[in-house]
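Pasting structure35.txt here (compact mmCIF, C-alpha atoms):
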```txt
# COMPACT_ATOMS: atom_id res chain seq x y z
CA MET A 210 0.00 0.00 0.00
CA THR A 211 2.82 2.41 0.90
CA LYS A 212 4.68 1.76 -2.37
CA TYR A 213 1.49 2.21 -4.34
CA ALA A 214 0.74 5.51 -2.59
CA ILE A 215 4.24 6.80 -3.30
CA ARG A 216 4.07 5.78 -6.96
CA ARG A 217 0.65 7.37 -7.43
CA SER A 218 1.82 10.55 -5.71
CA LEU A 219 4.87 10.80 -7.94
CA LEU A 220 2.68 10.44 -11.02
CA VAL A 221 1.04 13.73 -10.06
CA ILE A 222 4.16 15.63 -11.15
CA PRO A 223 4.26 14.61 -14.87
CA THR A 224 0.48 14.86 -14.99
CA LEU A 225 0.61 18.45 -13.77
CA ILE A 226 3.36 19.29 -16.28
CA GLY A 227 1.18 17.97 -19.09
CA VAL A 228 -1.76 19.96 -17.75
CA THR A 229 0.28 23.17 -17.71
CA MET A 230 1.12 22.69 -21.39
CA VAL A 231 -2.51 22.19 -22.32
CA ILE A 232 -3.65 25.17 -20.24
CA PHE A 233 -0.96 27.48 -21.61
CA MET A 234 -1.72 26.67 -25.24
CA ALA A 235 -5.50 26.65 -24.79
CA VAL A 236 -5.45 30.16 -23.34
CA ARG A 237 -3.43 31.40 -26.29
CA PHE A 238 -6.04 30.00 -28.69
CA LEU A 239 -8.90 31.97 -27.10
CA PRO A 240 -10.51 34.32 -29.63
CA GLY A 241 -9.66 37.96 -29.08
CA ASP A 242 -6.62 39.60 -27.55
CA VAL A 243 -6.02 41.11 -24.12
CA ILE A 244 -3.98 43.87 -25.76
CA ASP A 245 -7.07 44.90 -27.73
CA GLN A 246 -8.95 45.18 -24.44
CA ILE A 247 -6.31 47.40 -22.86
CA ALA A 248 -5.71 49.49 -25.98
CA GLY A 249 -9.45 50.07 -26.32
CA ASP A 250 -9.63 51.29 -22.72
CA PHE A 251 -6.91 53.85 -23.42
CA GLY A 252 -8.58 54.90 -26.65
CA ALA A 253 -5.52 54.12 -28.69
CA ALA A 254 -4.85 51.19 -30.93
CA SER A 255 -1.84 52.32 -32.99
CA PRO A 256 0.78 49.69 -33.84
CA GLU A 257 3.35 51.52 -31.71
CA PHE A 258 1.06 51.53 -28.68
CA ARG A 259 0.20 47.86 -29.10
CA GLN A 260 3.89 46.95 -29.40
CA ALA A 261 4.66 48.88 -26.22
CA LEU A 262 1.94 46.96 -24.37
CA LEU A 263 3.18 43.64 -25.71
CA LYS A 264 6.68 44.39 -24.49
CA TYR A 265 5.48 45.65 -21.10
CA TYR A 266 3.56 42.43 -20.41
CA SER A 267 6.27 40.21 -21.97
CA LEU A 268 3.84 39.03 -24.63
CA ASP A 269 6.28 39.89 -27.41
CA ARG A 270 8.36 36.82 -26.57
CA SER A 271 7.94 33.49 -28.31
CA ILE A 272 5.45 30.95 -26.95
CA PRO A 273 8.18 28.63 -25.57
CA GLN A 274 9.86 31.56 -23.80
CA GLN A 275 6.57 32.66 -22.24
CA TYR A 276 5.88 29.09 -21.10
CA ILE A 277 9.33 28.67 -19.53
CA THR A 278 8.94 32.00 -17.71
CA TRP A 279 5.50 30.98 -16.43
CA MET A 280 6.76 27.59 -15.23
CA GLY A 281 9.64 29.30 -13.45
CA ASP A 282 7.18 31.58 -11.65
CA ILE A 283 5.02 28.59 -10.68
CA ALA A 284 8.07 26.77 -9.28
CA ARG A 285 8.58 29.77 -6.99
CA GLY A 286 4.93 29.75 -5.96
CA ASP A 287 4.04 32.81 -8.06
CA LEU A 288 0.91 32.49 -10.17
CA GLY A 289 1.61 35.78 -11.90
CA THR A 290 -0.01 39.20 -12.00
CA SER A 291 -3.32 40.10 -13.58
CA ILE A 292 -2.89 42.08 -16.77
CA ILE A 293 -6.22 43.86 -16.29
CA SER A 294 -6.14 44.75 -12.58
CA GLY A 295 -2.41 44.56 -11.87
CA ARG A 296 -3.05 42.52 -8.73
CA SER A 297 -1.34 39.30 -7.74
CA VAL A 298 -3.24 36.22 -8.91
CA GLY A 299 -2.16 34.34 -5.80
CA GLY A 300 -3.49 37.08 -3.54
CA GLU A 301 -6.83 37.10 -5.34
CA VAL A 302 -7.04 33.30 -5.11
CA VAL A 303 -6.41 33.39 -1.35
CA GLN A 304 -9.30 35.83 -0.93
CA ARG A 305 -11.71 34.00 -3.24
CA LEU A 306 -10.88 30.35 -2.60
CA PRO A 307 -12.81 30.06 0.72
CA ALA A 308 -16.13 30.96 -0.94
CA THR A 309 -15.65 28.45 -3.75
CA PHE A 310 -14.42 25.73 -1.40
CA GLN A 311 -17.36 26.27 0.95
CA LEU A 312 -19.85 26.22 -1.93
CA GLY A 313 -18.39 23.02 -3.39
CA LEU A 314 -18.15 21.32 0.01
CA MET A 315 -21.73 22.21 0.91
CA ALA A 316 -22.95 20.93 -2.47
CA MET A 317 -21.07 17.67 -2.05
CA ILE A 318 -22.34 17.11 1.50
CA ILE A 319 -25.94 17.81 0.46
CA GLY A 320 -25.66 15.61 -2.62
CA LEU A 321 -24.20 12.67 -0.69
CA ALA A 322 -26.56 13.11 2.26
CA ILE A 323 -29.53 12.81 -0.10
CA GLY A 324 -28.20 10.56 -2.87
CA ILE A 325 -26.82 7.66 -0.81
CA PRO A 326 -29.82 7.11 1.54
CA VAL A 327 -32.33 7.55 -1.28
CA GLY A 328 -30.36 5.15 -3.47
CA VAL A 329 -30.31 2.52 -0.71
CA LEU A 330 -34.03 3.03 -0.08
CA ALA A 331 -34.83 2.74 -3.79
CA SER A 332 -32.90 -0.53 -4.02
CA VAL A 333 -34.67 -2.00 -1.01
CA LYS A 334 -38.05 -0.83 -2.37
CA GLN A 335 -37.31 -1.95 -5.93
CA ASP A 336 -40.16 -1.47 -8.42
CA THR A 337 -42.39 0.21 -5.84
CA ARG A 338 -43.79 3.73 -5.90
CA THR A 339 -40.83 4.93 -3.82
CA ASP A 340 -38.40 3.53 -6.38
CA TYR A 341 -40.24 5.08 -9.32
CA VAL A 342 -40.43 8.51 -7.66
CA ALA A 343 -36.73 8.46 -6.75
CA ARG A 344 -35.68 7.49 -10.29
CA SER A 345 -37.96 10.09 -11.85
CA ILE A 346 -36.56 12.86 -9.66
CA SER A 347 -32.98 11.82 -10.42
CA ILE A 348 -33.58 11.87 -14.17
CA THR A 349 -35.19 15.30 -13.87
CA LEU A 350 -32.23 16.69 -11.91
CA LEU A 351 -29.80 15.32 -14.47
CA ALA A 352 -31.75 16.89 -17.32
CA ILE A 353 -32.02 20.40 -15.83
CA PRO A 354 -28.97 22.66 -16.36
CA HIS A 355 -27.61 24.45 -13.30
CA PHE A 356 -27.87 27.93 -14.79
CA TRP A 357 -31.50 27.46 -15.86
CA LEU A 358 -32.52 26.18 -12.43
CA ALA A 359 -30.66 29.05 -10.77
CA LEU A 360 -32.39 31.68 -12.91
CA LEU A 361 -35.74 29.99 -12.30
CA THR A 362 -35.12 29.96 -8.55
CA ILE A 363 -34.26 33.66 -8.45
CA THR A 364 -37.21 34.64 -10.65
CA TYR A 365 -39.93 32.67 -8.91
CA GLY A 366 -38.34 33.18 -5.51
CA PHE A 367 -38.94 36.90 -5.93
CA ILE A 368 -42.38 36.56 -7.55
CA LEU A 369 -43.78 34.13 -4.98
CA PHE A 370 -41.86 34.91 -1.79
CA ARG A 371 -40.20 38.30 -2.44
CA TRP A 372 -36.88 36.54 -1.90
CA THR A 373 -33.66 37.71 -3.46
CA PRO A 374 -30.21 36.18 -2.93
CA PRO A 375 -27.94 38.11 -0.54
CA ILE A 376 -25.62 40.39 -2.44
CA ARG A 377 -22.73 40.54 0.02
CA TYR A 378 -20.84 37.37 0.93
CA GLN A 379 -19.28 37.12 4.38
CA PRO A 380 -16.56 34.51 5.03
CA LEU A 381 -17.49 31.63 7.30
CA TRP A 382 -15.13 32.74 10.08
CA VAL A 383 -16.47 36.31 10.00
CA ASP A 384 -20.23 35.69 9.96
CA PRO A 385 -21.24 31.99 9.71
CA ILE A 386 -24.97 32.70 9.54
CA SER A 387 -24.65 35.24 6.73
CA SER A 388 -22.23 32.93 4.91
CA PHE A 389 -24.69 30.02 4.92
CA GLN A 390 -27.57 32.31 3.98
CA THR A 391 -25.65 33.38 0.88
CA LEU A 392 -24.56 29.91 -0.23
CA TRP A 393 -27.32 27.49 0.76
CA VAL A 394 -29.46 28.08 -2.34
CA PRO A 395 -26.64 27.76 -4.93
CA ALA A 396 -25.27 24.78 -2.94
CA ILE A 397 -28.61 22.96 -3.21
CA ILE A 398 -28.80 23.72 -6.94
CA LEU A 399 -25.21 22.54 -7.47
CA SER A 400 -25.83 19.36 -5.46
CA GLY A 401 -28.74 18.27 -7.68
CA SER A 402 -26.79 16.51 -10.42
CA LEU A 403 -24.30 14.98 -7.97
CA GLY A 404 -27.09 13.64 -5.77
CA ALA A 405 -28.91 12.23 -8.78
CA ILE A 406 -25.82 10.41 -10.09
CA VAL A 407 -24.94 9.06 -6.65
CA MET A 408 -28.53 7.92 -6.09
CA ARG A 409 -28.74 6.01 -9.36
CA LEU A 410 -25.34 4.37 -8.93
CA THR A 411 -26.02 3.49 -5.29
CA ARG A 412 -29.32 1.90 -6.29
CA SER A 413 -27.78 -0.19 -9.09
CA THR A 414 -24.79 -1.37 -7.04
CA MET A 415 -26.97 -2.14 -4.03
CA LEU A 416 -29.28 -4.24 -6.19
CA GLU A 417 -26.29 -6.20 -7.44
CA VAL A 418 -24.88 -6.70 -3.93
CA LEU A 419 -28.23 -7.68 -2.43
CA ARG A 420 -28.36 -10.64 -4.84
CA GLN A 421 -25.00 -12.02 -3.67
CA ASP A 422 -24.81 -15.28 -1.73
CA TYR A 423 -23.21 -13.78 1.35
CA VAL A 424 -26.14 -11.38 1.76
CA ARG A 425 -28.63 -14.22 1.54
CA THR A 426 -26.53 -16.16 4.06
CA ALA A 427 -26.53 -13.21 6.46
CA ARG A 428 -30.30 -13.00 6.24
CA ALA A 429 -30.64 -16.75 6.72
CA LYS A 430 -28.57 -16.50 9.91
CA GLY A 431 -31.26 -14.23 11.32
CA LEU A 432 -29.42 -10.86 11.22
CA ALA A 433 -31.63 -7.82 11.34
CA GLU A 434 -32.24 -6.22 7.94
CA ARG A 435 -30.58 -2.96 8.96
CA LEU A 436 -27.42 -4.85 9.95
CA VAL A 437 -27.42 -6.75 6.67
CA LEU A 438 -27.71 -3.51 4.74
CA ARG A 439 -25.13 -1.62 6.77
CA ARG A 440 -22.44 -4.25 7.37
CA HIS A 441 -22.68 -6.46 4.30
CA ALA A 442 -24.44 -4.63 1.46
CA ALA A 443 -23.82 -0.90 1.76
CA ARG A 444 -20.09 -1.09 2.44
CA ASN A 445 -19.43 -3.31 -0.57
CA ALA A 446 -21.63 -1.14 -2.76
CA MET A 447 -19.74 2.06 -1.90
CA ILE A 448 -16.61 1.42 -3.98
CA PRO A 449 -18.16 2.43 -7.35
CA VAL A 450 -19.91 5.33 -5.60
CA VAL A 451 -16.61 6.65 -4.22
CA THR A 452 -15.15 6.49 -7.72
CA VAL A 453 -18.02 8.55 -9.10
CA ILE A 454 -17.66 11.10 -6.31
CA GLY A 455 -14.05 11.68 -7.33
CA LEU A 456 -15.03 12.00 -10.99
CA GLN A 457 -17.72 14.55 -10.13
CA VAL A 458 -15.24 17.08 -8.73
CA PRO A 459 -14.72 18.65 -12.20
CA ASN A 460 -18.49 19.05 -12.55
CA LEU A 461 -18.66 20.78 -9.17
CA ILE A 462 -15.85 23.13 -10.17
CA GLY A 463 -17.54 23.86 -13.50
CA GLY A 464 -20.85 24.45 -11.74
CA THR A 465 -19.32 27.02 -9.41
CA VAL A 466 -18.18 29.10 -12.41
CA ILE A 467 -21.78 29.58 -13.56
CA LEU A 468 -23.52 29.78 -10.17
CA GLU A 469 -21.02 32.21 -8.66
CA SER A 470 -21.59 34.53 -11.60
CA ILE A 471 -25.38 34.27 -11.31
CA PHE A 472 -25.51 34.71 -7.52
CA SER A 473 -22.69 37.33 -7.43
CA ILE A 474 -20.50 35.20 -5.17
CA PRO A 475 -16.90 36.51 -5.05
CA GLY A 476 -15.27 33.13 -5.58
CA MET A 477 -12.79 31.65 -8.01
CA GLY A 478 -15.55 30.70 -10.45
CA SER A 479 -16.74 34.25 -11.01
CA TYR A 480 -13.11 35.41 -11.07
CA LEU A 481 -12.34 32.91 -13.83
CA PHE A 482 -15.47 33.82 -15.79
CA TYR A 483 -14.60 37.52 -15.79
CA SER A 484 -10.96 36.83 -16.65
CA ILE A 485 -11.92 34.69 -19.64
CA GLN A 486 -14.10 37.53 -20.92
CA MET A 487 -11.20 39.98 -20.57
CA ARG A 488 -8.60 37.50 -21.96
CA ASP A 489 -6.54 37.93 -18.79
CA TYR A 490 -4.01 35.17 -19.48
CA PRO A 491 -2.23 34.95 -16.10
CA VAL A 492 -5.50 34.73 -14.17
CA VAL A 493 -7.02 32.08 -16.45
CA GLN A 494 -3.84 30.02 -16.36
CA GLY A 495 -3.50 30.23 -12.57
CA VAL A 496 -7.11 29.46 -11.70
CA VAL A 497 -7.44 26.61 -14.21
CA LEU A 498 -4.15 25.12 -12.98
CA LEU A 499 -5.39 25.14 -9.39
CA SER A 500 -8.67 23.56 -10.49
CA ALA A 501 -6.78 20.84 -12.38
CA PHE A 502 -4.64 20.22 -9.30
CA ALA A 503 -7.80 19.81 -7.19
CA VAL A 504 -9.17 17.26 -9.68
CA ILE A 505 -5.91 15.29 -9.74
CA MET A 506 -5.70 15.21 -5.94
CA SER A 507 -9.33 14.17 -5.58
CA ASN A 508 -8.73 11.20 -7.88
CA LEU A 509 -5.58 10.31 -5.93
CA ILE A 510 -7.54 10.35 -2.67
CA VAL A 511 -10.23 8.16 -4.25
CA ASP A 512 -7.63 5.60 -5.37
CA LEU A 513 -6.05 5.46 -1.93
CA SER A 514 -9.38 5.20 -0.13
CA TYR A 515 -10.39 1.89 -1.73
CA SER A 516 -8.52 -0.25 0.77
CA LEU A 517 -10.05 1.69 3.65
CA ILE A 518 -13.56 1.00 2.37
CA ASP A 519 -12.92 -2.65 1.59
CA PRO A 520 -9.95 -4.28 3.40
CA ARG A 521 -10.03 -7.13 0.86
CA ILE A 522 -8.49 -4.75 -1.69
CA ARG A 523 -4.71 -4.78 -1.65
CA TYR A 524 -2.33 -2.92 -3.90
CA SER A 525 0.66 -4.58 -5.49
CA GLY A 526 3.98 -2.81 -5.42
CA ARG A 527 4.78 -3.97 -8.92
```

Could you write out this structure as structure tokens?
Amino acid sequence: MTKYAIRRSLLVIPTLIGVTMVIFMAVRFLPGDVIDQIAGDFGAASPEFRQALLKYYSLDRSIPQQYITWMGDIARGDLGTSIISGRSVGGEVVQRLPATFQLGLMAMIIGLAIGIPVGVLASVKQDTRTDYVARSISITLLAIPHFWLALLTITYGFILFRWTPPIRYQPLWVDPISSFQTLWVPAIILSGSLGAIVMRLTRSTMLEVLRQDYVRTARAKGLAERLVLRRHAARNAMIPVVTVIGLQVPNLIGGTVILESIFSIPGMGSYLFYSIQMRDYPVVQGVVLLSAFAVIMSNLIVDLSYSLIDPRIRYSGR
């Protein structure tokens, strides 16, 4: 297990290097030019002025030179400086990361707290009204886009209840109540697709496990149904669910980009959305790199958690 963990951890390094290449080139292929944005703001777009801006922001260098410079800054822990605002990307991330992390964590907790129990219940009540209702709701949640549901919530929340989302976000350590009041609605919306996927997968894996011989033997021995479900069925059914949870981290990160913009939450998602509009290369590169790192680490944690869920799983050092 230790050798496997070390090998998997070391694989993070070449994976991140490959990700940096993709991010760097993808940003350069975005339509439009940040220099056009800045030149337009100054009301001048002469070739001399554009060349001066390119040199000032080191964009007159070749692509390989820009990439090497960026990688050198990353190695020193410097994510760069925003071309539009002139502020440090790392400083902005430190201020905005707590809101995004709290929103994603709340969405994941809500999705798992609803998806796993409902999936177990649907498997136990297979082909009953409870099962049909649970499956219908999950399909509906998967079909509805986050942004559409968010706009619908804001519109009808105001029409029916005169409710509007709080405009000002307060960090959790400053005002916990205000923080939860700001994020609970977008967290519920963001948790919908995750909860639906977890529910459907939990139901299918539980149905497969409940048909196994060892479950029938446990029931024949006279164990209570709740003990059979908890000790024998649910634990063995959780391995595919844990895998899906790790794979859903990119969807949660993508969902925060849209929902933070709609609900005016000052997180990394809204920061990234604005920076893409303005073609702010350093910001887009830094935020996307951190998001990719979060995805890679979540998958690493999922891989290492298998043996904790099921002790029968052992990793070979070869």

Who sits within 7 Å of range 352-365 of chain A, only C-alpha atoms, same chain under 4 positions skipped, as a PyMOL selection string: chain A and resi 348+369+373+398-399+464+467-468

Of the candidates A:Met477, A:Leu438, A:Ala261, A:Ile454, which one gets nearest to Ile510 in chain A if we count all atoms listed in the file?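 Among A:Met477, A:Leu438, A:Ala261, A:Ile454, it is A:Ile454 that comes nearest to Ile510 in chain A.
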
Quick one: residues within 10 Å of range 400-411 of chain A, all atoms listed in the file, excluding same-chain residues fewer than 5 positions away - as a ChimeraX atom specification? /A:312-332,343-355,358,394-395,416-417,443,446-451,453-454,457-458,460-461,464

Can you sort out the box for range 345-349 of chain A, edges along x, y and z, all listed atoms in, 3 Å on every side, with centre and edge lengths in Å to one decimal, as JSON?
```
{"center_x": -35.5, "center_y": 12.7, "center_z": -11.9, "size_x": 11.0, "size_y": 11.2, "size_z": 10.5}
```

Point-to-point distance in Å for CA of Leu239 in chain A and CA of Val221 in chain A: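 Atom-to-atom, CA of Val221 in chain A and CA of Leu239 in chain A are spaced 26.9 Å apart.
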
Record the distance separating CA of Ser484 in chain A and CA of Thr290 in chain A, expressed in Å with one decimal.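 Atom-to-atom, CA of Ser484 in chain A to CA of Thr290 in chain A, that is 12.1 Å.
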
So, counting only C-alpha atoms, which residue among A:Met234, A:Arg412, A:Ala442, A:Val228 is closest to Arg425 in chain A?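 Of the candidates, the smallest distance to Arg425 in chain A is held by A:Ala442.
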
Interatomic distance (Å, one decimal) between CA of Gly455 in chain A and CA of Ser479 in chain A: 23.0 Å

Can you complete the atoms of range 307-318 of chain A to N, CA and C atoms and list them as a short mmCIF file (atom, residue, chain, number, x, y, z; two decimals), in the coordinates of the input?
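Dumped to selection.cif:
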```cif
data_model
loop_
_atom_site.label_atom_id
_atom_site.label_comp_id
_atom_site.auth_asym_id
_atom_site.auth_seq_id
_atom_site.Cartn_x
_atom_site.Cartn_y
_atom_site.Cartn_z
N PRO A 307 -11.90 30.54 -0.32
CA PRO A 307 -12.81 30.06 0.72
C PRO A 307 -14.27 29.99 0.29
N ALA A 308 -14.74 30.97 -0.49
CA ALA A 308 -16.13 30.96 -0.94
C ALA A 308 -16.39 29.80 -1.87
N THR A 309 -15.49 29.56 -2.82
CA THR A 309 -15.65 28.45 -3.75
C THR A 309 -15.55 27.11 -3.05
N PHE A 310 -14.59 26.99 -2.13
CA PHE A 310 -14.42 25.73 -1.40
C PHE A 310 -15.65 25.45 -0.54
N GLN A 311 -16.17 26.47 0.11
CA GLN A 311 -17.36 26.27 0.95
C GLN A 311 -18.57 25.89 0.10
N LEU A 312 -18.73 26.54 -1.04
CA LEU A 312 -19.85 26.22 -1.93
C LEU A 312 -19.74 24.78 -2.43
N GLY A 313 -18.57 24.38 -2.90
CA GLY A 313 -18.39 23.02 -3.39
C GLY A 313 -18.56 21.98 -2.29
N LEU A 314 -18.04 22.27 -1.10
CA LEU A 314 -18.15 21.32 0.01
C LEU A 314 -19.60 21.17 0.45
N MET A 315 -20.32 22.28 0.54
CA MET A 315 -21.73 22.21 0.91
C MET A 315 -22.53 21.43 -0.12
N ALA A 316 -22.24 21.66 -1.41
CA ALA A 316 -22.95 20.93 -2.47
C ALA A 316 -22.66 19.44 -2.40
N MET A 317 -21.41 19.08 -2.13
CA MET A 317 -21.07 17.67 -2.05
C MET A 317 -21.73 17.00 -0.84
N ILE A 318 -21.72 17.68 0.30
CA ILE A 318 -22.34 17.11 1.50
C ILE A 318 -23.84 16.92 1.28
#
```
